[in-house]
Structures are given as C-alpha cells and as structure tokens.
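Listing of input.json, JSON, C-alpha atoms
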```json
[["chain", "number", "residue", "atom", "x", "y", "z"],
["A", 481, "MET", "CA", -120.21, 114.40, -221.47],
["A", 482, "ALA", "CA", -117.93, 115.10, -224.39],
["A", 483, "PHE", "CA", -119.56, 115.57, -227.80],
["A", 484, "ILE", "CA", -117.58, 112.67, -229.24],
["A", 485, "ASP", "CA", -119.07, 110.34, -226.59],
["A", 486, "LEU", "CA", -122.54, 111.00, -228.00],
["A", 487, "ILE", "CA", -121.69, 109.65, -231.43],
["A", 488, "GLU", "CA", -122.26, 105.94, -231.73],
["A", 489, "PRO", "CA", -123.33, 103.78, -234.68],
["A", 490, "SER", "CA", -126.95, 103.57, -233.47],
["A", 491, "VAL", "CA", -127.44, 107.34, -233.96],
["A", 492, "VAL", "CA", -126.00, 107.53, -237.47],
["A", 493, "GLN", "CA", -128.23, 107.14, -240.52],
["A", 494, "ILE", "CA", -126.58, 106.32, -243.88],
["A", 495, "PRO", "CA", -128.11, 106.99, -246.28],
["A", 496, "VAL", "CA", -130.98, 109.20, -245.21],
["A", 497, "ARG", "CA", -133.98, 107.89, -247.15],
["A", 498, "SER", "CA", -136.22, 110.95, -246.79],
["A", 499, "LYS", "CA", -136.93, 113.37, -249.59],
["A", 500, "THR", "CA", -138.27, 116.40, -247.70],
["A", 501, "LYS", "CA", -137.33, 118.56, -244.74],
["A", 502, "SER", "CA", -140.08, 117.29, -242.43],
["A", 503, "GLU", "CA", -139.38, 113.68, -243.43],
["A", 504, "VAL", "CA", -135.69, 113.90, -242.61],
["A", 505, "LEU", "CA", -136.45, 115.34, -239.19],
["A", 506, "ARG", "CA", -138.90, 112.50, -238.57],
["A", 507, "GLU", "CA", -136.41, 109.90, -239.82],
["A", 508, "LEU", "CA", -133.66, 111.11, -237.49],
["A", 509, "VAL", "CA", -136.04, 111.40, -234.54],
["A", 510, "ASP", "CA", -137.20, 107.82, -235.21],
["A", 511, "LEU", "CA", -133.57, 106.73, -235.28],
["A", 512, "LEU", "CA", -133.00, 108.28, -231.84],
["A", 513, "ASP", "CA", -136.21, 106.74, -230.59],
["A", 514, "LYS", "CA", -135.14, 103.27, -231.73],
["A", 515, "ALA", "CA", -131.77, 103.81, -230.07],
["A", 516, "GLY", "CA", -133.61, 104.45, -226.81],
["A", 517, "LYS", "CA", -132.48, 108.07, -226.54],
["A", 518, "LEU", "CA", -135.88, 109.76, -226.33],
["A", 519, "ILE", "CA", -138.54, 110.12, -223.68],
["A", 520, "SER", "CA", -141.04, 111.30, -226.29],
["A", 521, "ALA", "CA", -140.46, 111.18, -230.05],
["A", 522, "ASP", "CA", -143.50, 113.38, -230.71],
["A", 523, "LYS", "CA", -142.28, 116.10, -228.36],
["A", 524, "ALA", "CA", -138.82, 115.96, -229.89],
["A", 525, "LEU", "CA", -140.17, 116.34, -233.41],
["A", 526, "SER", "CA", -142.48, 119.13, -232.38],
["A", 527, "ALA", "CA", -139.62, 121.07, -230.74],
["A", 528, "LEU", "CA", -137.47, 120.68, -233.87],
["A", 529, "LEU", "CA", -140.28, 121.81, -236.16],
["A", 530, "ASP", "CA", -140.98, 124.81, -233.92],
["A", 531, "ARG", "CA", -137.34, 125.82, -234.17],
["A", 532, "GLU", "CA", -137.33, 125.39, -237.95],
["A", 533, "ALA", "CA", -140.41, 127.60, -238.18],
["A", 534, "LYS", "CA", -138.33, 130.48, -236.80],
["A", 535, "GLY", "CA", -135.68, 130.04, -239.49],
["A", 536, "SER", "CA", -134.10, 127.12, -241.26],
["A", 537, "THR", "CA", -131.06, 125.50, -239.65],
["A", 538, "GLY", "CA", -129.89, 124.59, -243.14],
["A", 539, "LEU", "CA", -126.57, 126.40, -243.39],
["A", 540, "GLU", "CA", -124.25, 126.55, -246.38],
["A", 541, "GLU", "CA", -122.23, 123.92, -248.21],
["A", 542, "GLY", "CA", -124.73, 121.11, -247.61],
["A", 543, "ILE", "CA", -124.72, 121.28, -243.81],
["A", 544, "ALA", "CA", -127.80, 121.42, -241.60],
["A", 545, "VAL", "CA", -127.87, 121.61, -237.81],
["A", 546, "PRO", "CA", -131.45, 121.11, -236.66],
["A", 547, "HIS", "CA", -131.55, 121.60, -232.90],
["A", 548, "ALA", "CA", -133.92, 122.26, -230.05],
["A", 549, "LYS", "CA", -134.14, 122.20, -226.30],
["A", 550, "CYS", "CA", -137.00, 120.18, -224.96],
["A", 551, "ASP", "CA", -137.96, 117.78, -222.21],
["A", 552, "ALA", "CA", -138.18, 114.93, -224.72],
["A", 553, "VAL", "CA", -134.62, 114.02, -223.68],
["A", 554, "ASP", "CA", -133.00, 113.76, -220.29],
["A", 555, "GLN", "CA", -129.50, 114.35, -221.60],
["A", 556, "LEU", "CA", -127.78, 115.89, -224.57],
["A", 557, "THR", "CA", -128.52, 113.73, -227.63],
["A", 558, "VAL", "CA", -127.23, 113.82, -231.18],
["A", 559, "ALA", "CA", -128.13, 112.10, -234.44],
["A", 560, "ILE", "CA", -126.19, 112.28, -237.68],
["A", 561, "GLY", "CA", -127.77, 111.78, -241.08],
["A", 562, "ILE", "CA", -125.92, 111.56, -244.38],
["A", 563, "ALA", "CA", -127.82, 112.12, -247.60],
["A", 564, "PRO", "CA", -125.46, 111.81, -250.59],
["A", 565, "ASP", "CA", -128.16, 112.98, -253.01],
["A", 566, "GLY", "CA", -129.09, 116.01, -250.93],
["A", 567, "ILE", "CA", -132.42, 117.19, -249.55],
["A", 568, "ASP", "CA", -134.02, 120.60, -249.84],
["A", 569, "PHE", "CA", -133.75, 121.91, -246.27],
["A", 570, "GLN", "CA", -134.34, 125.55, -247.22],
["A", 571, "ALA", "CA", -130.66, 126.20, -246.67],
["A", 572, "MET", "CA", -129.21, 129.71, -246.66],
["A", 573, "ASP", "CA", -127.39, 129.19, -249.95],
["A", 574, "GLY", "CA", -130.39, 127.49, -251.56],
["A", 575, "LYS", "CA", -128.40, 124.30, -252.14],
["A", 576, "PRO", "CA", -129.50, 120.83, -251.04],
["A", 577, "SER", "CA", -128.29, 119.65, -247.62],
["A", 578, "ASN", "CA", -126.26, 116.44, -247.34],
["A", 579, "LEU", "CA", -124.98, 116.36, -243.76],
["A", 580, "PHE", "CA", -127.45, 116.59, -240.88],
["A", 581, "PHE", "CA", -126.31, 117.08, -237.30],
["A", 582, "LEU", "CA", -129.44, 116.91, -235.17],
["A", 583, "LEU", "CA", -129.08, 117.91, -231.55],
["A", 584, "LEU", "CA", -131.58, 117.81, -228.69],
["A", 585, "ALA", "CA", -130.92, 118.97, -225.15],
["A", 586, "PRO", "CA", -132.96, 119.22, -221.98],
["A", 587, "PRO", "CA", -133.83, 122.80, -221.00],
["A", 588, "ASP", "CA", -131.56, 122.75, -217.96],
["A", 589, "GLN", "CA", -128.36, 121.83, -219.80],
["A", 590, "ALA", "CA", -127.76, 124.97, -221.81],
["A", 591, "GLY", "CA", -124.01, 124.91, -221.23],
["A", 592, "GLN", "CA", -123.44, 121.47, -222.69],
["A", 593, "HIS", "CA", -125.92, 122.17, -225.49],
["A", 594, "ILE", "CA", -123.97, 125.24, -226.57],
["A", 595, "GLU", "CA", -120.61, 123.50, -226.31],
["A", 596, "ALA", "CA", -121.86, 120.66, -228.52],
["A", 597, "LEU", "CA", -123.22, 123.05, -231.14],
["A", 598, "SER", "CA", -119.98, 124.96, -231.02],
["A", 599, "GLU", "CA", -118.10, 121.71, -231.59],
["A", 600, "ILE", "CA", -120.27, 120.95, -234.63],
["A", 601, "ALA", "CA", -119.58, 124.45, -235.96],
["A", 602, "LYS", "CA", -115.83, 123.89, -235.62],
["A", 603, "LEU", "CA", -115.94, 120.46, -237.23],
["A", 604, "THR", "CA", -117.99, 121.54, -240.20],
["A", 605, "ARG", "CA", -115.52, 124.32, -241.01],
["A", 606, "SER", "CA", -113.26, 121.58, -242.36],
["A", 607, "LYS", "CA", -114.26, 120.87, -245.94],
["A", 608, "SER", "CA", -112.08, 117.78, -246.07],
["A", 609, "PHE", "CA", -113.80, 116.37, -242.98],
["A", 610, "CYS", "CA", -117.22, 117.02, -244.51],
["A", 611, "ARG", "CA", -116.14, 115.35, -247.75],
["A", 612, "LEU", "CA", -114.96, 112.27, -245.85],
["A", 613, "LEU", "CA", -118.22, 112.15, -243.90],
["A", 614, "LEU", "CA", -120.23, 112.35, -247.09],
["A", 615, "ALA", "CA", -118.24, 109.48, -248.57],
["A", 616, "SER", "CA", -118.76, 107.27, -245.52],
["A", 617, "GLN", "CA", -120.33, 103.89, -246.16],
["A", 618, "SER", "CA", -121.33, 102.84, -242.67],
["A", 619, "PRO", "CA", -122.21, 104.26, -239.22],
["A", 620, "GLU", "CA", -119.04, 102.68, -237.81],
["A", 621, "GLU", "CA", -116.97, 104.55, -240.37],
["A", 622, "VAL", "CA", -118.58, 107.82, -239.30],
["A", 623, "VAL", "CA", -117.79, 107.21, -235.63],
["A", 624, "GLU", "CA", -114.21, 106.43, -236.59],
["A", 625, "LEU", "CA", -113.94, 109.64, -238.58],
["A", 626, "PHE", "CA", -115.05, 111.72, -235.62],
["A", 627, "GLN", "CA", -112.49, 110.02, -233.44],
["A", 628, "GLU", "CA", -109.73, 110.66, -235.94],
["A", 629, "GLU", "CA", -110.62, 114.27, -236.68],
["B", 337, "MET", "CA", -98.81, 133.33, -196.77],
["B", 338, "THR", "CA", -100.03, 131.30, -193.82],
["B", 339, "GLY", "CA", -100.40, 127.79, -195.20],
["B", 340, "ILE", "CA", -99.68, 125.57, -198.16],
["B", 341, "ILE", "CA", -103.10, 126.46, -199.56],
["B", 342, "ASP", "CA", -104.66, 129.82, -198.68],
["B", 343, "ARG", "CA", -107.00, 130.52, -201.57],
["B", 344, "MET", "CA", -108.67, 127.79, -203.60],
["B", 345, "MET", "CA", -111.04, 128.08, -206.53],
["B", 346, "VAL", "CA", -113.24, 125.32, -207.92],
["B", 347, "TYR", "CA", -114.45, 125.61, -211.50],
["B", 348, "LEU", "CA", -118.06, 124.56, -212.14],
["B", 349, "ASP", "CA", -119.52, 123.86, -215.56],
["B", 350, "GLY", "CA", -122.64, 122.02, -214.45],
["B", 351, "SER", "CA", -121.23, 118.56, -215.12],
["B", 352, "GLU", "CA", -121.42, 115.83, -212.49],
["B", 353, "GLU", "CA", -117.63, 115.85, -212.43],
["B", 354, "SER", "CA", -117.49, 119.54, -211.57],
["B", 355, "LEU", "CA", -120.06, 119.13, -208.80],
["B", 356, "ALA", "CA", -117.96, 116.36, -207.28],
["B", 357, "ALA", "CA", -114.99, 118.72, -207.53],
["B", 358, "ALA", "CA", -116.99, 121.26, -205.51],
["B", 359, "ALA", "CA", -117.69, 118.67, -202.80],
["B", 360, "TYR", "CA", -114.00, 117.78, -202.69],
["B", 361, "ALA", "CA", -113.08, 121.46, -202.50],
["B", 362, "VAL", "CA", -115.39, 121.90, -199.50],
["B", 363, "ALA", "CA", -113.72, 118.95, -197.78],
["B", 364, "LEU", "CA", -110.30, 120.39, -198.53],
["B", 365, "ALA", "CA", -111.33, 123.85, -197.30],
["B", 366, "LYS", "CA", -112.63, 122.34, -194.10],
["B", 367, "GLN", "CA", -109.35, 120.56, -193.49],
["B", 368, "SER", "CA", -107.00, 123.35, -194.59],
["B", 369, "GLY", "CA", -108.91, 126.46, -193.52],
["B", 370, "ALA", "CA", -108.33, 127.95, -196.98],
["B", 371, "THR", "CA", -110.71, 130.48, -198.53],
["B", 372, "LEU", "CA", -112.85, 128.81, -201.20],
["B", 373, "TYR", "CA", -114.23, 130.41, -204.35],
["B", 374, "ALA", "CA", -116.51, 128.74, -206.89],
["B", 375, "LEU", "CA", -116.44, 130.02, -210.49],
["B", 376, "TYR", "CA", -118.96, 129.56, -213.30],
["B", 377, "VAL", "CA", -118.21, 131.09, -216.70],
["B", 378, "VAL", "CA", -121.07, 131.98, -219.01],
["B", 379, "ASN", "CA", -119.53, 130.96, -222.31],
["B", 380, "THR", "CA", -120.45, 134.00, -224.38],
["B", 381, "ARG", "CA", -117.60, 133.23, -226.77],
["B", 382, "ALA", "CA", -119.35, 130.03, -227.87],
["B", 383, "LEU", "CA", -122.66, 131.89, -228.15],
["B", 384, "ASN", "CA", -121.08, 134.49, -230.41],
["B", 385, "ASP", "CA", -119.46, 131.75, -232.49],
["B", 386, "LEU", "CA", -122.84, 130.10, -233.02],
["B", 387, "VAL", "CA", -124.39, 133.35, -234.23],
["B", 388, "THR", "CA", -121.43, 133.93, -236.54],
["B", 389, "ALA", "CA", -121.80, 130.39, -237.89],
["B", 390, "ARG", "CA", -125.53, 131.17, -238.31],
["B", 391, "ILE", "CA", -126.48, 128.14, -236.27],
["B", 392, "PHE", "CA", -128.19, 130.48, -233.81],
["B", 393, "LEU", "CA", -130.64, 133.21, -234.58],
["B", 394, "ALA", "CA", -130.06, 136.44, -232.65],
["B", 395, "SER", "CA", -133.16, 135.69, -230.58],
["B", 396, "GLU", "CA", -131.73, 132.28, -229.70],
["B", 397, "GLN", "CA", -128.51, 133.88, -228.54],
["B", 398, "ASP", "CA", -130.48, 135.99, -226.03],
["B", 399, "GLU", "CA", -132.53, 133.00, -224.94],
["B", 400, "TYR", "CA", -129.51, 130.76, -224.40],
["B", 401, "GLN", "CA", -127.56, 133.48, -222.65],
["B", 402, "HIS", "CA", -130.46, 133.76, -220.25],
["B", 403, "ASP", "CA", -130.40, 129.97, -219.79],
["B", 404, "LEU", "CA", -126.67, 130.00, -219.13],
["B", 405, "GLU", "CA", -127.07, 132.74, -216.54],
["B", 406, "ALA", "CA", -129.78, 130.68, -214.86],
["B", 407, "ASP", "CA", -127.40, 127.68, -214.90],
["B", 408, "ALA", "CA", -124.70, 129.83, -213.32],
["B", 409, "GLU", "CA", -127.07, 130.88, -210.56],
["B", 410, "ARG", "CA", -128.23, 127.31, -209.95],
["B", 411, "TYR", "CA", -124.80, 125.70, -209.84],
["B", 412, "LEU", "CA", -123.21, 128.47, -207.81],
["B", 413, "ASN", "CA", -126.05, 128.28, -205.29],
["B", 414, "TYR", "CA", -125.50, 124.54, -205.16],
["B", 415, "ALA", "CA", -121.81, 125.02, -204.37],
["B", 416, "VAL", "CA", -122.62, 127.61, -201.71],
["B", 417, "LYS", "CA", -125.06, 125.19, -200.11],
["B", 418, "LEU", "CA", -122.53, 122.33, -200.23],
["B", 419, "GLY", "CA", -120.27, 124.60, -198.23],
["B", 420, "SER", "CA", -122.81, 125.99, -195.79],
["B", 421, "ASP", "CA", -124.11, 122.49, -194.98],
["B", 422, "ARG", "CA", -120.60, 121.69, -193.75],
["B", 423, "GLY", "CA", -119.85, 125.05, -192.14],
["B", 424, "ILE", "CA", -117.71, 126.36, -194.99],
["B", 425, "THR", "CA", -118.17, 129.69, -196.76],
["B", 426, "VAL", "CA", -118.03, 129.38, -200.55],
["B", 427, "ASP", "CA", -117.68, 132.71, -202.37],
["B", 428, "PRO", "CA", -119.54, 132.43, -205.69],
["B", 429, "LEU", "CA", -118.02, 134.08, -208.75],
["B", 430, "ARG", "CA", -119.79, 134.53, -212.06],
["B", 431, "SER", "CA", -117.96, 135.58, -215.15],
["B", 432, "GLN", "CA", -118.52, 135.62, -218.89],
["B", 433, "GLY", "CA", -116.36, 135.28, -221.96],
["B", 434, "THR", "CA", -113.98, 132.55, -223.12],
["B", 435, "VAL", "CA", -113.89, 129.86, -220.45],
["B", 436, "ASN", "CA", -110.17, 129.13, -220.24],
["B", 437, "GLN", "CA", -109.26, 132.82, -220.31],
["B", 438, "GLU", "CA", -111.76, 133.69, -217.60],
["B", 439, "ILE", "CA", -110.47, 130.93, -215.33],
["B", 440, "LYS", "CA", -106.91, 132.15, -215.79],
["B", 441, "SER", "CA", -107.94, 135.74, -215.21],
["B", 442, "LYS", "CA", -109.71, 134.92, -211.93],
["B", 443, "VAL", "CA", -106.77, 132.83, -210.73],
["B", 444, "ASP", "CA", -104.46, 135.80, -211.30],
["B", 445, "GLN", "CA", -106.83, 138.42, -209.96],
["B", 446, "LEU", "CA", -107.65, 136.58, -206.72],
["B", 447, "GLU", "CA", -104.14, 135.17, -206.27],
["B", 448, "ILE", "CA", -105.53, 131.65, -206.17],
["B", 449, "ASP", "CA", -102.93, 129.09, -205.21],
["B", 450, "LEU", "CA", -104.95, 125.95, -206.01],
["B", 451, "LEU", "CA", -107.42, 125.48, -208.87],
["B", 452, "ILE", "CA", -109.73, 122.49, -208.45],
["B", 453, "ILE", "CA", -111.45, 120.97, -211.47],
["B", 454, "GLY", "CA", -113.56, 117.91, -212.15],
["B", 455, "GLU", "CA", -112.29, 114.86, -213.97],
["B", 456, "LEU", "CA", -111.59, 115.66, -217.59],
["B", 457, "ALA", "CA", -113.40, 113.82, -220.34],
["B", 458, "ARG", "CA", -111.51, 110.98, -221.95],
["B", 459, "ILE", "CA", -109.49, 111.99, -224.98],
["B", 460, "ARG", "CA", -111.31, 110.26, -227.80],
["B", 461, "SER", "CA", -110.37, 112.41, -230.72],
["B", 462, "ARG", "CA", -107.38, 114.49, -231.69],
["B", 463, "ARG", "CA", -109.51, 117.62, -231.48],
["B", 464, "ASP", "CA", -110.23, 116.97, -227.79],
["B", 465, "GLU", "CA", -106.60, 117.57, -227.00],
["B", 466, "PHE", "CA", -106.76, 121.06, -228.39],
["B", 467, "PHE", "CA", -110.26, 122.34, -227.74],
["B", 468, "ASP", "CA", -111.27, 121.22, -224.27],
["B", 469, "GLU", "CA", -111.68, 124.52, -222.40],
["B", 470, "THR", "CA", -111.00, 123.08, -218.95],
["B", 471, "GLU", "CA", -107.87, 121.36, -220.16],
["B", 472, "ARG", "CA", -106.67, 124.58, -221.75],
["B", 473, "ALA", "CA", -107.28, 126.38, -218.47],
["B", 474, "MET", "CA", -105.39, 123.68, -216.61],
["B", 475, "ARG", "CA", -102.40, 124.19, -218.89],
["B", 476, "SER", "CA", -102.43, 127.98, -218.80],
["B", 477, "VAL", "CA", -103.04, 128.93, -215.15],
["B", 478, "GLY", "CA", -100.07, 129.87, -213.04],
["B", 479, "CYS", "CA", -101.14, 127.99, -209.90],
["B", 480, "SER", "CA", -101.23, 124.32, -208.98],
["B", 481, "VAL", "CA", -104.20, 122.36, -210.30],
["B", 482, "LEU", "CA", -106.01, 119.49, -208.62],
["B", 483, "ILE", "CA", -108.12, 117.17, -210.76],
["B", 484, "VAL", "CA", -110.78, 115.42, -208.73],
["B", 485, "LYS", "CA", -111.46, 111.79, -209.64],
["B", 486, "ASP", "CA", -113.44, 108.91, -208.18],
["B", 487, "GLU", "CA", -116.78, 110.67, -207.64],
["B", 488, "GLU", "CA", -118.14, 107.96, -205.37],
["B", 489, "ARG", "CA", -115.27, 108.28, -202.92],
["B", 490, "VAL", "CA", -115.53, 112.07, -203.04],
["B", 491, "TRP", "CA", -119.19, 112.05, -202.06],
["B", 492, "ASP", "CA", -118.44, 109.55, -199.28],
["B", 493, "LEU", "CA", -115.76, 111.93, -198.02],
["B", 494, "TYR", "CA", -118.16, 114.84, -198.18],
["B", 495, "ASP", "CA", -120.91, 112.93, -196.39],
["B", 496, "ALA", "CA", -118.51, 112.02, -193.63],
["B", 497, "LEU", "CA", -117.51, 115.65, -192.94]]
```
Could you render the structure as structure tokens?
Amino acid sequence: MAFIDLIEPSVVQIPVRSKTKSEVLRELVDLLDKAGKLISADKALSALLDREAKGSTGLEEGIAVPHAKCDAVDQLTVAIGIAPDGIDFQAMDGKPSNLFFLLLAPPDQAGQHIEALSEIAKLTRSKSFCRLLLASQSPEEVVELFQEE
Amino acid sequence: MTGIIDRMMVYLDGSEESLAAAAYAVALAKQSGATLYALYVVNTRALNDLVTARIFLASEQDEYQHDLEADAERYLNYAVKLGSDRGITVDPLRSQGTVNQEIKSKVDQLEIDLLIIGELARIRSRRDEFFDETERAMRSVGCSVLIVKDEERVWDLYDAL
C-alpha cells in the first residue's frame, strides 16, 4: 500500500492538545485506536516508548517521527499530529516539535515500513511543505496537501 | 533465441500485488517454457537514507536490514514453492541497493526479455509519479514489461494449472 493511501482525515490530529512527549504519543495512539487501526493500543504505546528510550525520534526543524514495529497492528499504520505551539520532544536541535509523523508496522513488513519512513524523510525535506502543513486548519486540508505535494 | 519469451523475471517486494505477479509468472512459464527468475531487492539505499536523516539509529539500521533479508528469504521461498507446486523451477535472486537500479541491472545481466511486476499503486500525489521505485524500474529497463492486474483472476488461473 502506498504511503499516501494511509493518510486519511481520521488519523490526523489538529491541533495536538498534549503538552509532553509521553502525552503526545498517547494522544496519537488513541487517535489510531478510535480510527480502528490498532489491535492493542497499550502494546502500540509501549513499543513507541521503548523506541524513544533508545533515542528521541525528534529530529530538527520541528519534525518528529516516532515509529516502532510491533504486533499491535496488522498493517502499516500512520498518524499525523500538528502542534502549532510546539512540544518538547527532546529533539536533536533542542527546539520544540510541531509536526509528528507516527508510524507503526507489523514485524513482518519491514520493506513497507522502511519505504514509508523514507517517504516521510523526503517529504519533510521540503520546508515549504512543512510550513503549509503547520498552517493547516483541518484533517481534510492535510490529506489534500499530501495529495498535492 | 528459441521463443518469444525465453527468460522472464518477476520482481517481488512482499506486496500482495507482487505475489500475484509471481503466480502469473509461473502460469506464463508453464505455458511458454521460459526460464523464470524471481528477484527481491533489499533496499539498502532507503536504510542509508534513514540513517542520514537521523530517523534510524545505527542499531536500527542493522535490525531492519536483518528483517529485510528475512523478508527476502520468505518471499523468494514463497515464489519457489509457487513454481514447484506447478512443476516449474523458479530461480531466486537476492540483491541489495537501490531498487530500480538493481532491477535494471539484473535484467541486463541475465538478458531477461520480459519483466513481470505487480499492479502499481494508484497515483494519488504528484510525488508518486517520480518516486515509485517499481515504476522507475518499469521505465528504465530495456526489456518488455508486463504489469499483472486482477489478482482474483490470476489466482484462479494459477489454481487451474
């Protein structure tokens, strides 16, 4: 499945309401759970926290890509969170993170997992795209932006 | 050259579409008598990109490379079994690097005259047109390319062999 096919309004959170790293992970996991994408929300959260314990997935320029492989999903799953005010995600540059691309994949789908992460890496290289995402007002607008990019 | 198709190669990426392509390739090999190869490319280019982008830790790169190699083994074994169950030999090929370049390289090296790939994902964004690895391979190889569609019919064909 193409990365773009994973992005639908039900997996986009605007604005993210959380104030801390663990809260934002929980908020996005809950979003996926409500959208019916998870087998186990607890397992998903635990896998994400385990990965974060090895090193923050908060990158530079306000972007964070929390990800994990776990059996809490039966197919590649993505959630997008937009936090205009920024959240301390222990990013590499020490700045608050605004754009969250959360990705979960089953252990036996490494190929698609890597391709999706690679797609996120390519997308987030575009500062104008990130600016437009950050200015989005609705989940539908976000989906449209991905389709237009 | 002895026939219209002498050497075919099916590209597997683990997707349902690529597995259907493998079943179709077996059916075609059975009918044509062509030699059939199955290729899986461990996408080390993407892995390297993710480390460069700092999305992956070095330890994750090793872990995921191991996972990809296990995927390669699993899907190639699956293709071999699809063939052997219908009396067709499928030669498995494993490669690593940039997917579209590896496909092109194997096509040239093995003098493949038909590349078989699974149905391509729908174009839903402008980026898809430029970054889909299978589509890039399709455009760059020197041989004919067959895109397998209608999975249900393909599996019916395979079952009837």
Problem set entry | Contact set, chain A to chain B: 10 Å, all atoms listed in the file, as a PyMOL selection string | chain A and resi 481-485+531+534-540+544-547+549+572+587-605+624-629
Written selection (C-alpha atoms) as a CSV table (one decimal), keeping the file's coordinate frame:
```csv
chain,number,residue,atom,x,y,z
A,481,MET,CA,-120.2,114.4,-221.5
A,482,ALA,CA,-117.9,115.1,-224.4
A,483,PHE,CA,-119.6,115.6,-227.8
A,484,ILE,CA,-117.6,112.7,-229.2
A,485,ASP,CA,-119.1,110.3,-226.6
A,531,ARG,CA,-137.3,125.8,-234.2
A,534,LYS,CA,-138.3,130.5,-236.8
A,535,GLY,CA,-135.7,130.0,-239.5
A,536,SER,CA,-134.1,127.1,-241.3
A,537,THR,CA,-131.1,125.5,-239.6
A,538,GLY,CA,-129.9,124.6,-243.1
A,539,LEU,CA,-126.6,126.4,-243.4
A,540,GLU,CA,-124.2,126.6,-246.4
A,544,ALA,CA,-127.8,121.4,-241.6
A,545,VAL,CA,-127.9,121.6,-237.8
A,546,PRO,CA,-131.4,121.1,-236.7
A,547,HIS,CA,-131.6,121.6,-232.9
A,549,LYS,CA,-134.1,122.2,-226.3
A,572,MET,CA,-129.2,129.7,-246.7
A,587,PRO,CA,-133.8,122.8,-221.0
A,588,ASP,CA,-131.6,122.8,-218.0
A,589,GLN,CA,-128.4,121.8,-219.8
A,590,ALA,CA,-127.8,125.0,-221.8
A,591,GLY,CA,-124.0,124.9,-221.2
A,592,GLN,CA,-123.4,121.5,-222.7
A,593,HIS,CA,-125.9,122.2,-225.5
A,594,ILE,CA,-124.0,125.2,-226.6
A,595,GLU,CA,-120.6,123.5,-226.3
A,596,ALA,CA,-121.9,120.7,-228.5
A,597,LEU,CA,-123.2,123.0,-231.1
A,598,SER,CA,-120.0,125.0,-231.0
A,599,GLU,CA,-118.1,121.7,-231.6
A,600,ILE,CA,-120.3,121.0,-234.6
A,601,ALA,CA,-119.6,124.4,-236.0
A,602,LYS,CA,-115.8,123.9,-235.6
A,603,LEU,CA,-115.9,120.5,-237.2
A,604,THR,CA,-118.0,121.5,-240.2
A,605,ARG,CA,-115.5,124.3,-241.0
A,624,GLU,CA,-114.2,106.4,-236.6
A,625,LEU,CA,-113.9,109.6,-238.6
A,626,PHE,CA,-115.0,111.7,-235.6
A,627,GLN,CA,-112.5,110.0,-233.4
A,628,GLU,CA,-109.7,110.7,-235.9
A,629,GLU,CA,-110.6,114.3,-236.7
```
Problem set entry | Spatial neighbours of Gln555 (chain A), 9 Å, all atoms listed in the file, chain gap at least 6 places, as JSON, numbers by chain | {"A": [517, 584, 585, 586, 589]}
For this session: For CA of Leu372 (chain B) and CA of Gly339 (chain B), quote the distance in Å rounded to one decimal.
Result: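 That distance, rounded to one decimal, is 13.9 Å.
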Exercise. What is the CA of Gly516 (chain A)-CA of Glu503 (chain A) distance in Å, reported with one decimal?
Worked result: 19.9 Å
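If you look at CA of Ile448 (chain B) and CA of Arg343 (chain B), they are 5.0 Å away from each other.
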Exercise. Counting all atoms listed in the file, what is within 10 Å of Val426 (chain B), bar same-chain residues fewer than 4 positions away, as a PyMOL selection string?
Worked result: chain B and resi 344-346+358+361-362+365+371-374+412-413+415-420
